[in-house]
Each structure stands twice: as C-alpha cells, then as structure tokens.
Amino acid sequence: MRAIDFDMNKLIVGQRDGTISVIDAGGAKTDVMKSHSDGEVWGLALLPSGHIWTSGDDNKAMMWDPKARKNMVTLEVSKRDVKIKRGASTLSTLPDSQCSRAVAVSQDWICIASNDGAVSVRSTNAPTFEARLL
C-alpha cells in the first residue's frame with residue numbers, strides 16, 4: 001500500500017502498482033482503477049469494438065474499455081527471466097523478457113513482443129496460455 005483513506009464505512013487504498021481499491025465494512029474489495037506501474041507504456045492496439053490493448057515495461061498487457069473507463073483483462077507478458085545487452089531503453093528494473101515493446105491483436109490472436117526480441121502469440125479464447133513463442 002502507498003496510500004490509505006476512509007469514507008464512511010469504506011477504506012480507499014492506493015497500491016504501488018497503480019491500483020486503487022475500495023474495501024467495504026464486510027471486507028469485499030472492488031478495484032476502481034488499474035494501471036501500468038513500472039517503466040513506460042510502449043504498445044497500443046485498437047480493436048474494432050473500441051477496446052484498447054496496451055503493453056509496457058511492467059510485465060503487463062492490458063485491455064481497456066474506454067466507454068466504461070475500466071480495465072477488462074490483464075495478462076502477464078512473460079515468466080522468462082532474460083536480460084540482453086542491447087534493447088530499447090527502459091526505466092524498469094524487470095528483465096528485458098518481461099518488458100513489452102508492442103502488442104497487436106486480431107479477432108483470434110494477441111501477439112506481444114518483448115524487449116529481448118521474443119514474440120508470444122496467444123489465442124483470444126485463452127490469452128494467458130502462450131500458444132507459441134517465436
């Protein structure tokens with residue numbers, strides 16, 4: 001936690017990763033804000049539905065619904081721990097293999113490129129599964 005406040009019977013908690021959560025008196029937690037949190041955002045892709053995918057240095061690819069102003073999906077870029085000598089500059093302390101440089105999407109596939117040159121291709125039906133690492 002980085003910040004905490006209260007309003008009536010609710011706690012409002014700001015976390016290091018940019019998430020803001022509201023916790024009610026019964027302990028139920030609702031995230032009202034999510035964000036990229038370490039380094040920079042590099043990838044951006046717009047779907048015909050209006051949803052937006054972003055990816056960044058924080059080992060996250062995220063799908064947003066701008067109309068609802070809500071994060072819909074958050075994926076891990078990679079579990080690999082690979083550093084390279086020359087990649088794009090970054091403020092992140094994560095390994096290059098976990099820093100995304102691009103995201104591309106279609107109706108069936110999500111492709112996420114890492115700073116170490118690897119690209120994972122995932123099915124939109126099971127996006128957490130890395131179907132293929134190129």
# chains A, B, ... in the order shown; residues from 1 in each chain; ligands from 1
$ residues_around --residues "Thr90 (chain A)" --least-positions-apart "3" --cutoff "12 Å" --atoms "only C-alpha atoms" --output "list in words"
Asp38, Gly39, Glu40, Val41, Trp42, Gly56, Asp57, Asp58, Arg86, Gly87, Thr93, Leu94, Pro95, Asp96, Gln98, Cys99, Ser100, Arg101 and Asn115 of chain A
$ residues_around --residues "Gln15 (chain A)" --least-positions-apart "3" --cutoff "6 Å" --atoms "only C-alpha atoms" --output "list in words"
Met1, Arg2, Gly18 and Thr19 of chain A
$ write_last_selection --atoms "C-alpha atoms" --output "compact mmCIF listing (two decimals), in the first residue's frame"
# COMPACT_ATOMS: atom_id res chain seq x y z
CA MET A 1 0.00 0.00 0.00
CA ARG A 2 1.15 3.52 -0.79
CA GLY A 18 -1.28 1.95 -9.57
CA THR A 19 -4.36 0.03 -8.46
$ atom_distance --atom1 "CA of Ser55 (chain A)" --atom2 "CA of Ser78 (chain A)"
11.8 Å
$ residues_around --residues "Ala126 (chain A)" --least-positions-apart "5" --cutoff "12 Å" --atoms "only C-alpha atoms" --output "number ranges by chain"
A: 73, 75, 108-110, 121, 131
$ closest_residue --among "A:Ser106, A:Ser89, A:Val13, A:Arg80" --to "Ala118 (chain A)" --atoms "only C-alpha atoms"
A:Arg80
$ atom_distance --atom1 "CA of Ser123 (chain A)" --atom2 "CA of Lys79 (chain A)"
17.6 Å
$ select_by_dssp --residues "region 4-37 of chain A" --states "strand (DSSP E or B)" --output "PyMOL selection string"
chain A and resi 4-7+10-14+20-23+29-33
$ write_last_selection --atoms "N, CA and C atoms" --output "short mmCIF file (atom, residue, chain, number, x, y, z; two decimals), in the first residue's frame"
data_model
loop_
_atom_site.label_atom_id
_atom_site.label_comp_id
_atom_site.auth_asym_id
_atom_site.auth_seq_id
_atom_site.Cartn_x
_atom_site.Cartn_y
_atom_site.Cartn_z
N ILE A 4 -3.70 5.40 1.98
CA ILE A 4 -4.94 4.85 2.53
C ILE A 4 -5.79 6.01 3.05
N ASP A 5 -7.09 5.89 2.86
CA ASP A 5 -8.03 6.89 3.35
C ASP A 5 -9.32 6.14 3.67
N PHE A 6 -10.26 6.81 4.29
CA PHE A 6 -11.53 6.18 4.58
C PHE A 6 -12.66 7.16 4.28
N ASP A 7 -13.82 6.59 3.97
CA ASP A 7 -15.01 7.37 3.69
C ASP A 7 -16.19 6.56 4.22
N LYS A 10 -15.95 2.65 4.39
CA LYS A 10 -15.11 2.10 3.34
C LYS A 10 -13.68 2.60 3.46
N LEU A 11 -12.74 1.71 3.18
CA LEU A 11 -11.34 2.08 3.04
C LEU A 11 -11.02 2.28 1.58
N ILE A 12 -10.23 3.28 1.27
CA ILE A 12 -9.75 3.51 -0.09
C ILE A 12 -8.25 3.35 -0.03
N VAL A 13 -7.73 2.40 -0.83
CA VAL A 13 -6.32 2.03 -0.75
C VAL A 13 -5.66 2.23 -2.11
N GLY A 14 -4.56 3.00 -2.12
CA GLY A 14 -3.74 3.16 -3.31
C GLY A 14 -2.53 2.26 -3.20
N ILE A 20 -6.18 1.26 -7.43
CA ILE A 20 -6.91 1.89 -6.34
C ILE A 20 -8.09 0.99 -6.02
N SER A 21 -8.20 0.58 -4.76
CA SER A 21 -9.24 -0.36 -4.34
C SER A 21 -10.10 0.27 -3.25
N VAL A 22 -11.39 -0.11 -3.25
CA VAL A 22 -12.31 0.27 -2.19
C VAL A 22 -12.69 -1.01 -1.46
N ILE A 23 -12.54 -0.99 -0.13
CA ILE A 23 -12.85 -2.15 0.69
C ILE A 23 -13.98 -1.77 1.64
N LYS A 29 -13.61 -6.34 -1.62
CA LYS A 29 -12.72 -5.40 -2.29
C LYS A 29 -13.15 -5.20 -3.74
N THR A 30 -13.20 -3.94 -4.19
CA THR A 30 -13.50 -3.60 -5.57
C THR A 30 -12.39 -2.70 -6.08
N ASP A 31 -11.75 -3.12 -7.17
CA ASP A 31 -10.73 -2.27 -7.80
C ASP A 31 -11.44 -1.25 -8.68
N VAL A 32 -11.19 0.03 -8.43
CA VAL A 32 -11.83 1.09 -9.22
C VAL A 32 -10.86 1.70 -10.22
N MET A 33 -9.57 1.36 -10.11
CA MET A 33 -8.57 1.87 -11.05
C MET A 33 -7.43 0.88 -11.13
#
$ residues_around --residues "region 49-52 of chain A" --least-positions-apart "5" --cutoff "9 Å" --atoms "only C-alpha atoms" --output "PyMOL selection string"
chain A and resi 44+62-67
$ write_last_selection --atoms "N, CA and C atoms" --output "PDB file, in the first residue's frame"
ATOM      1  N   LEU A  44       0.343  -0.276 -28.136  1.00  0.00           N
ATOM      2  CA  LEU A  44      -1.022   0.243 -28.212  1.00  0.00           C
ATOM      3  C   LEU A  44      -1.700  -0.367 -29.431  1.00  0.00           C
ATOM      4  N   MET A  62      -2.641  -5.050 -21.141  1.00  0.00           N
ATOM      5  CA  MET A  62      -3.946  -4.776 -20.536  1.00  0.00           C
ATOM      6  C   MET A  62      -4.959  -4.362 -21.599  1.00  0.00           C
ATOM      7  N   MET A  63      -6.185  -4.892 -21.478  1.00  0.00           N
ATOM      8  CA  MET A  63      -7.272  -4.478 -22.367  1.00  0.00           C
ATOM      9  C   MET A  63      -8.189  -3.544 -21.594  1.00  0.00           C
ATOM     10  N   TRP A  64      -8.542  -2.440 -22.248  1.00  0.00           N
ATOM     11  CA  TRP A  64      -9.352  -1.390 -21.627  1.00  0.00           C
ATOM     12  C   TRP A  64     -10.654  -1.209 -22.400  1.00  0.00           C
ATOM     13  N   ASP A  65     -11.697  -0.869 -21.669  1.00  0.00           N
ATOM     14  CA  ASP A  65     -12.964  -0.457 -22.263  1.00  0.00           C
ATOM     15  C   ASP A  65     -13.101   1.034 -21.988  1.00  0.00           C
ATOM     16  N   PRO A  66     -12.804   1.897 -22.988  1.00  0.00           N
ATOM     17  CA  PRO A  66     -12.846   3.339 -22.742  1.00  0.00           C
ATOM     18  C   PRO A  66     -14.233   3.860 -22.384  1.00  0.00           C
ATOM     19  N   LYS A  67     -15.285   3.241 -22.918  1.00  0.00           N
ATOM     20  CA  LYS A  67     -16.643   3.715 -22.600  1.00  0.00           C
ATOM     21  C   LYS A  67     -16.966   3.490 -21.133  1.00  0.00           C
TER      22      LYS A  67
END
$ atom_distance --atom1 "CA of Leu91 (chain A)" --atom2 "CA of Asn71 (chain A)"
23.4 Å
$ closest_residue --among "A:Ser97, A:Thr54, A:Asn125, A:Asn59" --to "Ile84 (chain A)" --atoms "only C-alpha atoms"
A:Ser97
$ closest_residue --among "A:Lys60, A:Leu46, A:His36, A:Ala25" --to "Glu76 (chain A)" --atoms "only C-alpha atoms"
A:Lys60
$ decode --residues "region 84-103 of chain A" --atoms "C-alpha atoms" --output "PDB file, in the first residue's frame"
ATOM      1  CA  ILE A  84      20.150  -8.701 -23.106  1.00  0.00           C
ATOM      2  CA  LYS A  85      22.970  -6.251 -23.816  1.00  0.00           C
ATOM      3  CA  ARG A  86      21.087  -4.007 -26.210  1.00  0.00           C
ATOM      4  CA  GLY A  87      17.376  -3.435 -26.081  1.00  0.00           C
ATOM      5  CA  ALA A  88      15.196  -0.361 -26.059  1.00  0.00           C
ATOM      6  CA  SER A  89      15.974   1.870 -23.095  1.00  0.00           C
ATOM      7  CA  THR A  90      13.733   1.386 -20.087  1.00  0.00           C
ATOM      8  CA  LEU A  91      13.191   2.728 -16.605  1.00  0.00           C
ATOM      9  CA  SER A  92      12.005  -0.699 -15.443  1.00  0.00           C
ATOM     10  CA  THR A  93      14.020  -2.975 -13.192  1.00  0.00           C
ATOM     11  CA  LEU A  94      12.398  -6.090 -14.703  1.00  0.00           C
ATOM     12  CA  PRO A  95      14.268  -8.399 -17.115  1.00  0.00           C
ATOM     13  CA  ASP A  96      14.094  -7.446 -20.814  1.00  0.00           C
ATOM     14  CA  SER A  97      11.996 -10.568 -21.494  1.00  0.00           C
ATOM     15  CA  GLN A  98       9.251  -9.140 -19.243  1.00  0.00           C
ATOM     16  CA  CYS A  99       9.232  -5.641 -20.781  1.00  0.00           C
ATOM     17  CA  SER A 100       6.830  -5.460 -23.726  1.00  0.00           C
ATOM     18  CA  ARG A 101       7.578  -3.285 -26.751  1.00  0.00           C
ATOM     19  CA  ALA A 102       4.458  -3.929 -28.842  1.00  0.00           C
ATOM     20  CA  VAL A 103       1.051  -5.549 -28.815  1.00  0.00           C
TER      21      VAL A 103
END
